[in-house]
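Asks: Next up, final-v5.txt (compact mmCIF, C-alpha atoms).
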# COMPACT_ATOMS: atom_id res chain seq x y z
CA MET A 1 36.30 -21.96 -11.98
CA ARG A 2 33.84 -24.53 -10.63
CA SER A 3 34.51 -23.47 -7.05
CA ARG A 4 33.93 -19.83 -7.99
CA ALA A 5 30.70 -20.70 -9.78
CA LYS A 6 29.48 -22.72 -6.77
CA ARG A 7 30.36 -19.88 -4.44
CA LEU A 8 28.50 -17.42 -6.66
CA VAL A 9 25.43 -19.67 -6.73
CA ARG A 10 25.59 -20.13 -2.95
CA LEU A 11 25.88 -16.39 -2.33
CA SER A 12 23.03 -15.70 -4.75
CA LEU A 13 20.77 -18.19 -2.97
CA GLN A 14 21.72 -16.74 0.40
CA TRP A 15 20.88 -13.24 -0.84
CA LEU A 16 17.55 -14.43 -2.24
CA ALA A 17 16.65 -16.03 1.09
CA THR A 18 17.91 -13.16 3.28
CA PRO A 19 18.52 -9.95 1.28
CA TYR A 20 17.82 -7.65 4.23
CA PRO A 21 20.06 -6.70 7.21
CA VAL A 22 19.71 -8.79 10.37
CA ASP A 23 22.13 -6.97 12.68
CA GLY A 24 21.08 -7.13 16.32
CA THR A 25 18.15 -9.50 15.73
CA SER A 26 17.28 -12.57 17.78
CA GLU A 27 16.88 -16.05 16.29
CA GLU A 28 13.10 -15.72 16.62
CA GLN A 29 13.15 -12.36 14.82
CA ARG A 30 15.30 -13.75 12.01
CA ALA A 31 12.95 -16.70 11.52
CA GLY A 32 9.95 -14.39 11.43
CA MET A 33 11.62 -11.94 9.05
CA GLN A 34 12.42 -14.77 6.63
CA MET A 35 8.80 -15.98 6.55
CA LEU A 36 7.68 -12.37 6.18
CA TRP A 37 10.05 -12.05 3.22
CA TRP A 38 8.57 -15.05 1.37
CA ASP A 39 5.07 -13.85 2.18
CA ASN A 40 5.98 -10.46 0.69
CA LEU A 41 7.32 -11.98 -2.53
CA LEU A 42 4.24 -14.12 -3.15
CA ALA A 43 1.80 -11.42 -2.08
CA ALA A 44 3.45 -8.98 -4.50
CA MET A 45 3.11 -11.55 -7.27
CA SER A 46 -0.57 -12.01 -6.45
CA VAL A 47 -1.23 -8.26 -6.44
CA ALA A 48 0.60 -7.77 -9.74
CA PHE A 49 -1.82 -10.15 -11.47
CA PHE A 50 -4.86 -7.99 -10.71
CA MET A 51 -4.16 -4.53 -9.24
CA ASP A 52 -3.40 -2.62 -12.46
CA PHE A 53 -6.20 -4.41 -14.31
CA GLU A 54 -9.07 -4.23 -11.82
CA THR A 55 -10.40 -0.93 -13.18
CA LEU A 56 -9.98 -2.20 -16.74
CA TYR A 57 -11.92 -5.34 -15.77
CA LEU A 58 -14.87 -3.19 -14.69
CA LEU A 59 -14.62 -1.11 -17.86
CA ALA A 60 -14.61 -4.32 -19.93
CA MET A 61 -17.83 -5.35 -18.20
CA GLY A 62 -19.38 -2.06 -19.28
CA ALA A 63 -18.93 0.07 -16.16
CA PRO A 64 -19.09 3.86 -16.85
CA SER A 65 -16.45 6.26 -15.49
CA SER A 66 -18.88 7.41 -12.78
CA THR A 67 -18.94 3.85 -11.43
CA ILE A 68 -15.14 3.83 -11.27
CA GLY A 69 -15.22 6.98 -9.14
CA ALA A 70 -18.03 5.62 -6.97
CA ARG A 71 -16.10 2.38 -6.51
CA ALA A 72 -13.13 4.31 -5.11
CA SER A 73 -15.37 5.98 -2.52
CA ILE A 74 -17.20 2.75 -1.63
CA VAL A 75 -13.93 0.87 -1.20
CA ALA A 76 -12.56 3.65 1.00
CA ALA A 77 -15.78 3.82 3.04
CA ALA A 78 -15.67 0.08 3.69
CA ALA A 79 -12.21 0.48 5.20
CA LEU A 80 -13.16 3.47 7.33
CA LEU A 81 -13.63 1.90 10.77
CA ALA A 82 -11.91 -1.39 10.00
CA PRO A 83 -8.52 -0.36 11.52
CA LEU A 84 -10.25 0.30 14.86
CA VAL A 85 -11.67 -3.22 14.70
CA GLY A 86 -8.16 -4.55 14.10
CA ALA A 87 -6.70 -2.55 17.00
CA TRP A 88 -9.49 -3.73 19.31
CA LEU A 89 -8.87 -7.36 18.33
CA VAL A 90 -5.18 -6.97 19.20
CA SER A 91 -6.00 -5.36 22.54
CA VAL A 92 -8.56 -7.92 23.74
CA SER A 93 -6.71 -11.00 22.45
CA GLY A 94 -3.03 -10.09 22.73
CA ARG A 95 -2.56 -11.77 19.34
CA ARG A 96 -1.66 -10.30 15.97
CA LYS A 97 -0.88 -13.01 13.42
CA ILE A 98 -4.26 -14.73 13.50
CA TRP A 99 -6.10 -11.53 12.55
CA VAL A 100 -3.81 -10.97 9.56
CA LEU A 101 -4.39 -14.54 8.40
CA LEU A 102 -8.17 -14.39 8.74
CA ASN A 103 -8.63 -11.02 7.09
CA GLY A 104 -6.09 -9.96 4.45
CA GLY A 105 -4.75 -13.49 4.09
CA GLY A 106 -8.15 -15.19 4.07
CA ILE A 107 -11.16 -13.03 3.19
CA GLY A 108 -9.08 -10.81 0.93
CA ARG A 109 -7.99 -13.71 -1.27
CA VAL A 110 -11.42 -15.34 -1.43
CA THR A 111 -12.85 -12.11 -2.84
CA LEU A 112 -10.42 -12.34 -5.76
CA LEU A 113 -11.75 -15.76 -6.73
CA LEU A 114 -15.35 -14.59 -6.44
CA SER A 115 -14.53 -11.54 -8.59
CA ALA A 116 -13.30 -13.89 -11.30
CA LEU A 117 -16.58 -15.80 -11.14
CA ALA A 118 -18.80 -12.68 -11.19
CA PRO A 119 -19.71 -12.79 -14.93
CA LEU A 120 -20.64 -16.46 -14.53
CA LEU A 121 -22.69 -15.93 -11.38
CA PHE A 122 -24.47 -12.85 -12.73
CA PRO A 123 -25.25 -12.89 -16.48
CA ARG A 124 -26.52 -9.30 -16.34
CA PRO A 125 -23.49 -6.95 -16.62
CA GLN A 126 -24.93 -4.43 -14.13
CA SER A 127 -25.28 -7.12 -11.47
CA ALA A 128 -21.79 -8.49 -12.12
CA ILE A 129 -20.30 -4.99 -11.88
CA LEU A 130 -22.11 -4.35 -8.59
CA PHE A 131 -20.92 -7.70 -7.22
CA VAL A 132 -17.28 -6.95 -8.10
CA VAL A 133 -17.54 -3.53 -6.44
CA ILE A 134 -19.00 -5.12 -3.29
CA LEU A 135 -16.20 -7.69 -3.25
CA ALA A 136 -13.62 -4.91 -3.62
CA ALA A 137 -15.20 -3.17 -0.63
CA LEU A 138 -15.07 -6.39 1.41
CA ARG A 139 -11.42 -6.89 0.44
CA SER A 140 -10.72 -3.31 1.48
CA PHE A 141 -12.37 -3.88 4.87
CA ALA A 142 -10.41 -7.08 5.48
CA GLY A 143 -7.14 -5.45 4.45
CA SER A 144 -7.74 -2.50 6.75
CA VAL A 145 -8.53 -4.74 9.72
CA THR A 146 -5.13 -6.32 9.03
CA MET A 147 -3.14 -3.07 9.28
CA PRO A 148 -2.92 -2.61 13.09
CA PRO A 149 -2.07 -6.25 13.93
CA PHE A 150 0.42 -6.44 11.05
CA ASN A 151 2.21 -3.27 12.08
CA SER A 152 2.25 -4.26 15.74
CA LEU A 153 3.85 -7.59 14.81
CA PHE A 154 6.24 -5.88 12.36
CA ALA A 155 7.43 -3.54 15.13
CA ASP A 156 8.44 -6.56 17.25
CA LEU A 157 9.97 -8.47 14.34
CA VAL A 158 12.14 -5.68 12.89
CA PRO A 159 14.33 -3.49 15.18
CA PRO A 160 14.13 0.30 14.55
CA PRO A 161 17.63 0.69 13.00
CA LEU A 162 16.74 -1.81 10.24
CA ARG A 163 13.21 -0.71 9.33
CA GLY A 164 14.07 1.64 6.49
CA ARG A 165 16.25 -0.90 4.70
CA VAL A 166 13.83 -3.75 5.34
CA MET A 167 10.93 -1.73 3.95
CA GLY A 168 13.04 -0.55 1.01
CA ILE A 169 14.10 -4.09 0.12
CA ARG A 170 10.52 -5.36 0.49
CA MET A 171 9.28 -2.66 -1.86
CA MET A 172 12.20 -3.24 -4.24
CA ALA A 173 11.33 -6.94 -4.45
CA SER A 174 7.66 -6.12 -4.98
CA SER A 175 8.56 -3.78 -7.81
CA ALA A 176 10.90 -6.31 -9.42
CA ILE A 177 8.17 -8.93 -9.31
CA THR A 178 5.74 -6.45 -10.82
CA VAL A 179 8.14 -5.90 -13.72
CA ILE A 180 7.94 -9.61 -14.48
CA ILE A 181 4.29 -10.34 -13.71
CA VAL A 182 2.42 -7.32 -15.12
CA PRO A 183 3.55 -7.96 -18.74
CA ILE A 184 2.63 -11.62 -18.33
CA ALA A 185 -0.79 -10.63 -16.99
CA GLY A 186 -1.26 -8.09 -19.79
CA TYR A 187 -0.25 -10.68 -22.39
CA LEU A 188 -2.65 -13.26 -20.93
CA ILE A 189 -5.52 -10.79 -20.89
CA LYS A 190 -4.93 -9.82 -24.51
CA ALA A 191 -4.19 -13.36 -25.76
CA ILE A 192 -7.23 -14.92 -24.11
CA GLY A 193 -9.39 -11.93 -24.90
CA GLY A 194 -12.56 -10.50 -23.41
CA LEU A 195 -13.54 -10.98 -19.81
CA ARG A 196 -11.94 -14.44 -19.69
CA GLY A 197 -8.47 -12.92 -19.77
CA TYR A 198 -9.18 -10.90 -16.64
CA GLN A 199 -10.80 -13.92 -14.99
CA VAL A 200 -7.71 -16.07 -15.55
CA THR A 201 -5.43 -13.48 -13.95
CA LEU A 202 -7.76 -13.18 -10.96
CA VAL A 203 -7.66 -16.96 -10.43
CA LEU A 204 -3.86 -16.92 -10.63
CA ALA A 205 -3.78 -14.08 -8.09
CA THR A 206 -5.94 -16.16 -5.75
CA VAL A 207 -3.73 -19.27 -5.93
CA ILE A 208 -0.48 -17.36 -5.44
CA GLY A 209 -2.03 -15.31 -2.65
CA ALA A 210 -2.97 -18.52 -0.84
CA ALA A 211 0.70 -19.55 -0.92
CA ALA A 212 1.63 -16.18 0.61
CA THR A 213 -0.86 -16.80 3.41
CA TYR A 214 0.81 -20.13 4.14
CA PHE A 215 4.22 -18.50 4.66
CA PHE A 216 2.73 -15.79 6.87
CA SER A 217 1.17 -18.52 9.01
CA ARG A 218 4.71 -19.73 9.82
CA ILE A 219 5.79 -16.41 11.37
CA PRO A 220 6.27 -16.88 15.13
CA GLU A 221 3.85 -14.92 17.34
CA ILE A 222 6.78 -12.99 18.80
CA GLN A 223 6.17 -11.50 22.24
CA GLY A 224 6.07 -7.72 22.66
CA GLU A 225 4.36 -4.98 24.64
CA GLU A 226 1.04 -5.63 22.88
CA SER A 227 1.17 -9.41 23.24
CA ALA A 228 -0.70 -9.51 26.54
CA ARG A 229 -4.50 -9.57 26.55
CA GLN A 230 -5.85 -6.25 27.84
CA PRO A 231 -9.18 -5.31 29.43
CA ALA A 232 -11.54 -3.15 27.38
CA SER A 233 -10.54 -0.15 29.49
CA ALA A 234 -6.96 -0.38 28.21
CA PHE A 235 -8.16 0.05 24.63
CA ILE A 236 -10.16 3.13 25.60
CA GLN A 237 -7.18 4.46 27.54
CA GLY A 238 -5.03 4.21 24.46
CA LEU A 239 -7.59 6.13 22.41
CA ARG A 240 -7.80 8.83 25.08
CA MET A 241 -4.05 9.20 25.06
CA LEU A 242 -4.21 10.07 21.36
CA ARG A 243 -6.27 13.20 22.05
CA SER A 244 -3.47 14.79 24.05
CA ASP A 245 -0.69 13.80 21.64
CA ARG A 246 -0.29 17.05 19.69
CA GLY A 247 2.41 15.72 17.37
CA PHE A 248 0.30 12.76 16.33
CA LEU A 249 -2.81 14.91 15.80
CA VAL A 250 -0.84 17.30 13.59
CA PHE A 251 0.55 14.32 11.68
CA CYS A 252 -2.96 12.99 11.07
CA ALA A 253 -4.32 16.40 10.00
CA ILE A 254 -1.52 16.89 7.47
CA ASN A 255 -1.99 13.42 6.03
CA PHE A 256 -5.74 14.06 5.81
CA VAL A 257 -5.05 17.05 3.55
CA TRP A 258 -2.42 15.10 1.61
CA THR A 259 -4.80 12.21 0.96
CA LEU A 260 -7.55 14.55 -0.25
CA GLY A 261 -5.07 15.86 -2.80
CA THR A 262 -4.02 12.38 -3.84
CA GLN A 263 -7.59 11.13 -4.24
CA THR A 264 -8.55 14.10 -6.39
CA SER A 265 -6.66 12.50 -9.27
CA ALA A 266 -5.68 8.93 -8.25
CA PRO A 267 -8.86 7.07 -9.33
CA TYR A 268 -8.67 8.43 -12.88
CA PHE A 269 -5.15 7.83 -14.17
CA SER A 270 -6.08 4.50 -15.77
CA VAL A 271 -9.42 5.86 -17.01
CA HIS A 272 -7.61 8.88 -18.51
CA MET A 273 -5.16 6.64 -20.36
CA VAL A 274 -7.97 4.53 -21.81
CA GLU A 275 -10.65 7.15 -22.53
CA ASN A 276 -8.66 10.30 -23.30
CA LEU A 277 -5.28 9.06 -24.53
CA GLY A 278 -6.54 5.92 -26.28
CA PHE A 279 -4.02 3.52 -24.72
CA GLY A 280 -4.75 -0.21 -24.88
CA VAL A 281 -4.23 -2.68 -22.07
CA ASP A 282 -0.93 -3.82 -23.58
CA THR A 283 0.40 -0.24 -23.65
CA ILE A 284 -0.64 0.32 -20.04
CA ALA A 285 1.03 -2.93 -19.01
CA LEU A 286 4.24 -1.96 -20.83
CA LEU A 287 4.27 1.47 -19.18
CA THR A 288 3.77 -0.12 -15.76
CA THR A 289 6.68 -2.47 -16.43
CA ILE A 290 9.05 0.31 -17.50
CA VAL A 291 8.14 2.52 -14.55
CA THR A 292 8.45 -0.35 -12.10
CA VAL A 293 12.06 -0.95 -13.16
CA PHE A 294 12.84 2.56 -11.95
CA ASN A 295 10.82 1.98 -8.80
CA VAL A 296 13.13 -0.93 -7.92
CA ILE A 297 16.04 1.50 -7.84
CA ALA A 298 14.12 4.30 -6.11
CA VAL A 299 12.81 2.35 -3.13
CA ARG A 300 16.13 0.57 -2.58
CA LEU A 301 17.93 3.92 -2.33
CA ALA A 302 15.18 5.37 -0.18
CA GLY A 303 15.40 2.49 2.31
CA THR A 304 19.07 3.16 2.99
CA LEU A 305 18.45 6.91 3.28
CA VAL A 306 15.60 6.40 5.76
CA ASP A 307 17.91 4.51 8.14
CA ARG A 308 20.74 7.02 7.67
CA LYS A 309 18.87 10.33 7.55
CA GLY A 310 15.62 9.52 9.33
CA ALA A 311 12.06 8.78 8.23
CA GLU A 312 10.91 12.32 9.01
CA ARG A 313 13.44 13.99 6.72
CA LEU A 314 12.86 11.60 3.81
CA THR A 315 9.11 12.08 4.09
CA MET A 316 9.53 15.86 4.08
CA ILE A 317 11.68 15.82 0.93
CA GLY A 318 9.35 13.41 -0.85
CA MET A 319 6.23 15.42 -0.02
CA LEU A 320 7.83 18.56 -1.44
CA LEU A 321 8.60 16.75 -4.71
CA VAL A 322 5.35 14.82 -5.24
CA PRO A 323 3.06 17.80 -6.14
CA LEU A 324 5.00 18.28 -9.38
CA MET A 325 3.97 14.81 -10.54
CA PRO A 326 0.33 15.67 -11.42
CA VAL A 327 1.65 18.82 -13.13
CA ALA A 328 3.82 16.61 -15.36
CA TRP A 329 0.72 14.59 -16.33
CA ILE A 330 -0.94 17.72 -17.72
CA PHE A 331 1.67 17.80 -20.49
CA ALA A 332 1.83 14.02 -21.03
CA HIS A 333 -0.06 12.86 -24.13
CA SER A 334 2.06 10.10 -25.67
CA PRO A 335 3.20 6.85 -24.04
CA ALA A 336 6.75 8.21 -23.77
CA GLN A 337 5.58 11.39 -22.04
CA VAL A 338 3.37 9.42 -19.64
CA ALA A 339 6.34 7.17 -18.88
CA LEU A 340 8.50 10.20 -17.98
CA ALA A 341 5.78 11.63 -15.74
CA ARG A 342 5.37 8.30 -13.96
CA ILE A 343 9.12 7.78 -13.56
CA TYR A 344 9.41 11.19 -11.90
CA GLY A 345 6.50 10.24 -9.63
CA VAL A 346 8.23 7.00 -8.66
CA PHE A 347 11.34 8.81 -7.42
CA ALA A 348 9.32 11.55 -5.75
CA TRP A 349 7.07 9.06 -3.94
CA ALA A 350 9.85 6.64 -2.92
CA GLY A 351 10.88 8.47 0.25
CA VAL A 352 7.27 8.95 1.38
CA GLN A 353 6.36 5.30 0.80
CA VAL A 354 9.43 3.69 2.35
CA ALA A 355 9.43 6.04 5.34
CA ALA A 356 5.71 5.54 6.05
CA THR A 357 6.08 2.50 8.30
CA PRO A 358 9.16 3.70 10.25
CA LEU A 359 7.62 7.15 10.73
CA ILE A 360 4.30 6.08 12.25
CA LEU A 361 6.11 3.56 14.44
CA GLN A 362 8.45 6.36 15.51
CA ILE A 363 5.50 8.56 16.47
CA ALA A 364 3.42 5.85 18.19
CA PRO A 365 4.19 4.74 21.79
CA ARG A 366 5.04 1.03 21.60
CA ARG A 367 2.28 0.00 24.01
CA TYR A 368 -0.36 1.64 21.81
CA THR A 369 0.99 0.98 18.33
CA ALA A 370 -2.18 -0.76 17.14
CA GLN A 371 -4.42 2.07 18.35
CA TYR A 372 -2.24 4.76 16.77
CA VAL A 373 -2.09 2.91 13.46
CA ALA A 374 -5.86 2.37 13.61
CA ILE A 375 -6.70 6.03 14.26
CA PHE A 376 -4.25 7.20 11.62
CA ASN A 377 -5.67 4.89 8.97
CA THR A 378 -9.26 5.76 9.95
CA ILE A 379 -8.57 9.47 9.46
CA ILE A 380 -6.85 8.75 6.15
CA GLY A 381 -9.83 6.58 5.26
CA VAL A 382 -12.21 9.51 5.76
CA ALA A 383 -10.12 11.55 3.33
CA ALA A 384 -10.08 8.64 0.88
CA VAL A 385 -13.89 8.51 1.02
CA LEU A 386 -14.37 12.24 0.56
CA GLY A 387 -11.71 12.81 -2.09
CA PRO A 388 -13.15 10.80 -5.01
CA LEU A 389 -16.62 12.38 -4.68
CA PRO A 390 -15.73 15.86 -5.97
CA ALA A 391 -13.07 14.22 -8.16
CA ALA A 392 -15.76 12.35 -10.10
CA TRP A 393 -17.74 15.56 -10.62
CA LEU A 394 -14.62 17.46 -11.73
CA TYR A 395 -13.63 14.70 -14.17
CA ALA A 396 -17.12 14.52 -15.69
CA HIS A 397 -17.63 18.30 -16.06
CA TYR A 398 -14.17 19.82 -16.54
CA GLY A 399 -11.87 17.00 -17.60
CA PHE A 400 -8.83 15.36 -16.07
CA THR A 401 -6.59 18.45 -16.31
CA THR A 402 -8.72 20.17 -13.68
CA ASN A 403 -8.33 17.16 -11.39
CA LEU A 404 -4.56 17.30 -11.85
CA VAL A 405 -4.26 21.03 -11.10
CA ILE A 406 -6.37 20.84 -7.95
CA SER A 407 -4.55 17.68 -6.86
CA ALA A 408 -1.18 19.43 -7.21
CA LEU A 409 -2.37 22.44 -5.19
CA ILE A 410 -3.76 20.37 -2.31
CA ARG A 411 -0.70 18.12 -2.21
CA GLY A 412 1.48 21.23 -2.17
CA LEU A 413 -0.48 22.54 0.82
CA GLY A 414 0.06 19.23 2.65
CA ALA A 415 3.77 19.31 1.88
CA GLY A 416 4.10 22.86 3.17
CA LEU A 417 2.30 22.00 6.41
CA PHE A 418 4.53 18.95 6.92
CA LEU A 419 7.65 21.07 6.40
CA ILE A 420 6.50 23.57 9.04
CA ALA A 421 5.63 20.78 11.48
CA CYS A 422 9.07 19.18 11.00
CA LEU A 423 10.86 22.49 11.58
CA ARG A 424 8.90 22.95 14.81
CA GLY A 425 9.77 19.43 16.01
CA PHE A 426 6.23 18.04 16.20
CA PHE A 427 7.23 14.47 15.32
CA ARG A 428 10.21 13.95 17.61
CA ARG A 429 9.33 11.55 20.39
CA PRO A 430 11.98 10.72 23.01
CA ALA A 431 13.15 7.17 22.32
CA PRO A 432 12.43 4.68 25.13
CA ALA A 433 14.70 1.79 26.01
CA GLU A 434 13.37 -0.06 23.00
CA SER A 435 12.79 2.52 20.36
CA SER A 436 9.35 2.68 18.82
CA GLN A 437 9.37 3.90 15.57
CA THR A 438 3.60 2.36 9.68
CA LEU A 439 1.31 1.91 6.55
CA ALA A 440 0.40 5.10 4.77
CA VAL A 441 -1.91 5.64 1.93
Mind turning the file's structure into structure tokens?

Replies:
Amino acid sequence: MRSRAKRLVRLSLQWLATPYPVDGTSEEQRAGMQMLWWDNLLAAMSVAFFMDFETLYLLAMGAPSSTIGARASIVAAAALLAPLVGAWLVSVSGRRKIWVLLNGGGIGRVTLLLSALAPLLFPRPQSAILFVVILAALRSFAGSVTMPPFNSLFADLVPPPLRGRVMGIRMMASSAITVIIVPIAGYLIKAIGGLRGYQVTLVLATVIGAAATYFFSRIPEIQGEESARQPASAFIQGLRMLRSDRGFLVFCAINFVWTLGTQTSAPYFSVHMVENLGFGVDTIALLTTIVTVFNVIAVRLAGTLVDRKGAERLTMIGMLLVPLMPVAWIFAHSPAQVALARIYGVFAWAGVQVAATPLILQIAPRRYTAQYVAIFNTIIGVAAVLGPLPAAWLYAHYGFTTNLVISALIRGLGAGLFLIACLRGFFRRPAPAESSQTLAV
């Protein structure tokens, strides 16, 4: 019995350290993937302490719903050109890791600490609210600069046949951590009370995020096609190549429409639960926990299906299912009904989310991965800026149901366009010797 127990413990520890497939990887790739795994776990823990409560923090400081909508647009605007900055940094330096560490891993985490201190630094609520919004915009900029270098490094660390499962397991772990951390954060906020509860969770998010940055710093700067420093002309050449890539342009246009639909309702789900449904922070935290349990299952299944069936097919199926999610919210008035609507959304979104990284890497030529990711995220950023502006007006004048209906219609349009593009083979790029097959909205 003892030997069996020891073996079970050993296998459990091995799975915790390396729960993803490593077939066909080099020693350097395996070392990098392990550090990336620990970074992911800690980063997910950090995010869970503040992400679902950031809007509530602003509301607790006295921010009106119009400010919440404006914040969404400001945050999106701050990220608009940041991916191009990240791609340019990769091109002129031939390095990826350092830009992730300085931006998302550095600036991004400092803004969390400063957000916690906002009520102390600015006694006037209006000034504190403005400061937190500015910090959120700065965090958004830093995170968006990080996207191209992160995805370029990820493409060299994780071989194409493993990307779906690796992304699925990463998301599964993030969801499992959220199940544990969100109730703790919600309990702390309620037990401490007032703004101090939110401030404590922001400080915890900062400390844990710093630990995540440490593990990311230990990832080897693995060599790939984008590791060599390029002249400025090479960066421009990569951007010019995009203009003649019809499949990529169609992909960007469809995702532009899709993001407009998403942003028509996305900024107001939490506001709707607080202002219209009367849910408290503890109820919202409980709902998030319940839904996240289902997300653990959904993304794990989606990861396997992406590697078996292809990122394109899983994205297509997911996009056809997602538009029904805002429709379900129209009829959700009790916590149980909201939970059912969110659980459906989790399964509908799983394929789209897990396939996002493999799909953009599949579409992008390996030499220009950073530029392709940058342009894609810039276009999506424009949609994210534009979407909340009419959404705020719709919410204020016609109520959240109107937002949901219009959101469903626009998402349905995006899904239909993606289906047509897939049937016409727009996203199939001939695989080079090393296949090139990253972050969506």

Asks: For Val281 of chain A, find every residue with an atom within 10 Å (counting only C-alpha atoms), except residues of its own chain fewer than 2 positions away, and show them as a PyMOL selection string.

Replies: chain A and resi 52-53+56+183+186-187+189-190+270+273-274+278-279+283-287

Asks: Just write the chosen residues, C-alpha atoms, as a PDB file, in the frame of the given file.

Replies:
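To be explicit, this is the file written out as selection30.pdb:
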ATOM      1  CA  ASP A  52      -3.400  -2.620 -12.460  1.00  0.00           C
ATOM      2  CA  PHE A  53      -6.200  -4.410 -14.310  1.00  0.00           C
ATOM      3  CA  LEU A  56      -9.980  -2.200 -16.740  1.00  0.00           C
ATOM      4  CA  PRO A 183       3.550  -7.960 -18.740  1.00  0.00           C
ATOM      5  CA  GLY A 186      -1.260  -8.090 -19.790  1.00  0.00           C
ATOM      6  CA  TYR A 187      -0.250 -10.680 -22.390  1.00  0.00           C
ATOM      7  CA  ILE A 189      -5.520 -10.790 -20.890  1.00  0.00           C
ATOM      8  CA  LYS A 190      -4.930  -9.820 -24.510  1.00  0.00           C
ATOM      9  CA  SER A 270      -6.080   4.500 -15.770  1.00  0.00           C
ATOM     10  CA  MET A 273      -5.160   6.640 -20.360  1.00  0.00           C
ATOM     11  CA  VAL A 274      -7.970   4.530 -21.810  1.00  0.00           C
ATOM     12  CA  GLY A 278      -6.540   5.920 -26.280  1.00  0.00           C
ATOM     13  CA  PHE A 279      -4.020   3.520 -24.720  1.00  0.00           C
ATOM     14  CA  THR A 283       0.400  -0.240 -23.650  1.00  0.00           C
ATOM     15  CA  ILE A 284      -0.640   0.320 -20.040  1.00  0.00           C
ATOM     16  CA  ALA A 285       1.030  -2.930 -19.010  1.00  0.00           C
ATOM     17  CA  LEU A 286       4.240  -1.960 -20.830  1.00  0.00           C
ATOM     18  CA  LEU A 287       4.270   1.470 -19.180  1.00  0.00           C
TER      19      LEU A 287
END

Asks: Using Å and a single decimal, report how far atom CA of Val100 of chain A sits from atom CA of Leu157 of chain A.

Replies: 14.8 Å

Asks: Just to confirm, what's the straight-line distance from atom CA of Phe131 of chain A to atom CA of Ser115 of chain A in Å (one decimal)?

Replies: 7.6 Å

Asks: Find the smallest box with edges along x, y and z containing every listed atom of segment 398-404 of chain A, then add 8 Å on each side and report centre and edge lengths in Å to one decimal, as JSON.

Replies:
{"center_x": -9.4, "center_y": 17.8, "center_z": -14.5, "size_x": 25.6, "size_y": 20.8, "size_z": 22.2}

Asks: Extract, using all atoms listed in the file, all DNA, RNA and protein residues at most 9 Å from Val373 of chain A, discarding same-chain residues fewer than 5 positions from it, and format them as a list in words.

Replies: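 Neighbouring residues, sequence-local ones excluded: Pro83, Leu84, Ala87, Met147, Pro148, Asn151, Ser152, Ile360, Leu361, Ala364, Tyr368, Thr378, Thr438 and Leu439 of chain A.
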
Asks: If you count only C-alpha atoms, which residues fall within 10 Å of segment 252-269 of chain A, apart from same-chain ones fewer than 5 positions away, as an MDAnalysis selection string?

Replies: chainID A and resid 55 65 68:73 246:247 274:275 319 322:323 326 329 375:392 394:395 400:418 421 440:441

Asks: Counting all atoms listed in the file, figure out which residue out of A:Phe294, A:Tyr20, A:Met325, A:Pro161 gets nearest to Lys309 of chain A.

Replies: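 Closest residue, counting all atoms listed in the file: A:Pro161.
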
Asks: What does the distance from atom CA of Leu112 of chain A to atom CA of Ala60 of chain A come to in Å, to one decimal?

Replies: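 One can read the atom CA of Leu112 of chain A to atom CA of Ala60 of chain A distance as 16.8 Å.
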
Asks: Env of Phe141 of chain A: 10 Å cut, atoms = all atoms listed in the file, seq-sep filter 4 positions within chain, self excluded. Answer as JSON, numbers by chain.

Replies: {"A": [75, 76, 77, 78, 79, 80, 81, 82, 83, 85, 103, 104, 107, 108, 135, 136, 137, 145, 146]}

Asks: For Val207 of chain A, which residue among A:Leu59, A:Val110, A:Leu36, A:Ala191 is the nearest when counting all atoms listed in the file?

Replies: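 Closest candidate: A:Val110.
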
Asks: Of the candidates A:Leu277, A:Ala228, A:Ala336, A:Ala311, which shows the shortest atom-to-atom distance to Ser91 of chain A, using all atoms listed in the file?

Replies: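 For Ser91 of chain A, the nearest of the given residues is A:Ala228.
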
Asks: Find the residues near Tyr344 of chain A: any atom within 10 Å, counting only C-alpha atoms, skip ones fewer than 4 places away on the same chain, and give them as an mmCIF file with C-alpha atoms, in the frame of the given file.

Replies:
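Okay, this is what ended up in out10.cif:
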data_model
loop_
_atom_site.group_PDB
_atom_site.id
_atom_site.type_symbol
_atom_site.label_atom_id
_atom_site.label_comp_id
_atom_site.auth_asym_id
_atom_site.auth_seq_id
_atom_site.Cartn_x
_atom_site.Cartn_y
_atom_site.Cartn_z
ATOM 1 C CA VAL A 291 8.140 2.520 -14.550
ATOM 2 C CA PHE A 294 12.840 2.560 -11.950
ATOM 3 C CA ASN A 295 10.820 1.980 -8.800
ATOM 4 C CA LEU A 321 8.600 16.750 -4.710
ATOM 5 C CA VAL A 322 5.350 14.820 -5.240
ATOM 6 C CA LEU A 324 5.000 18.280 -9.380
ATOM 7 C CA MET A 325 3.970 14.810 -10.540
ATOM 8 C CA ALA A 328 3.820 16.610 -15.360
ATOM 9 C CA VAL A 338 3.370 9.420 -19.640
ATOM 10 C CA ALA A 339 6.340 7.170 -18.880
ATOM 11 C CA LEU A 340 8.500 10.200 -17.980
ATOM 12 C CA ALA A 348 9.320 11.550 -5.750
ATOM 13 C CA TRP A 349 7.070 9.060 -3.940
#
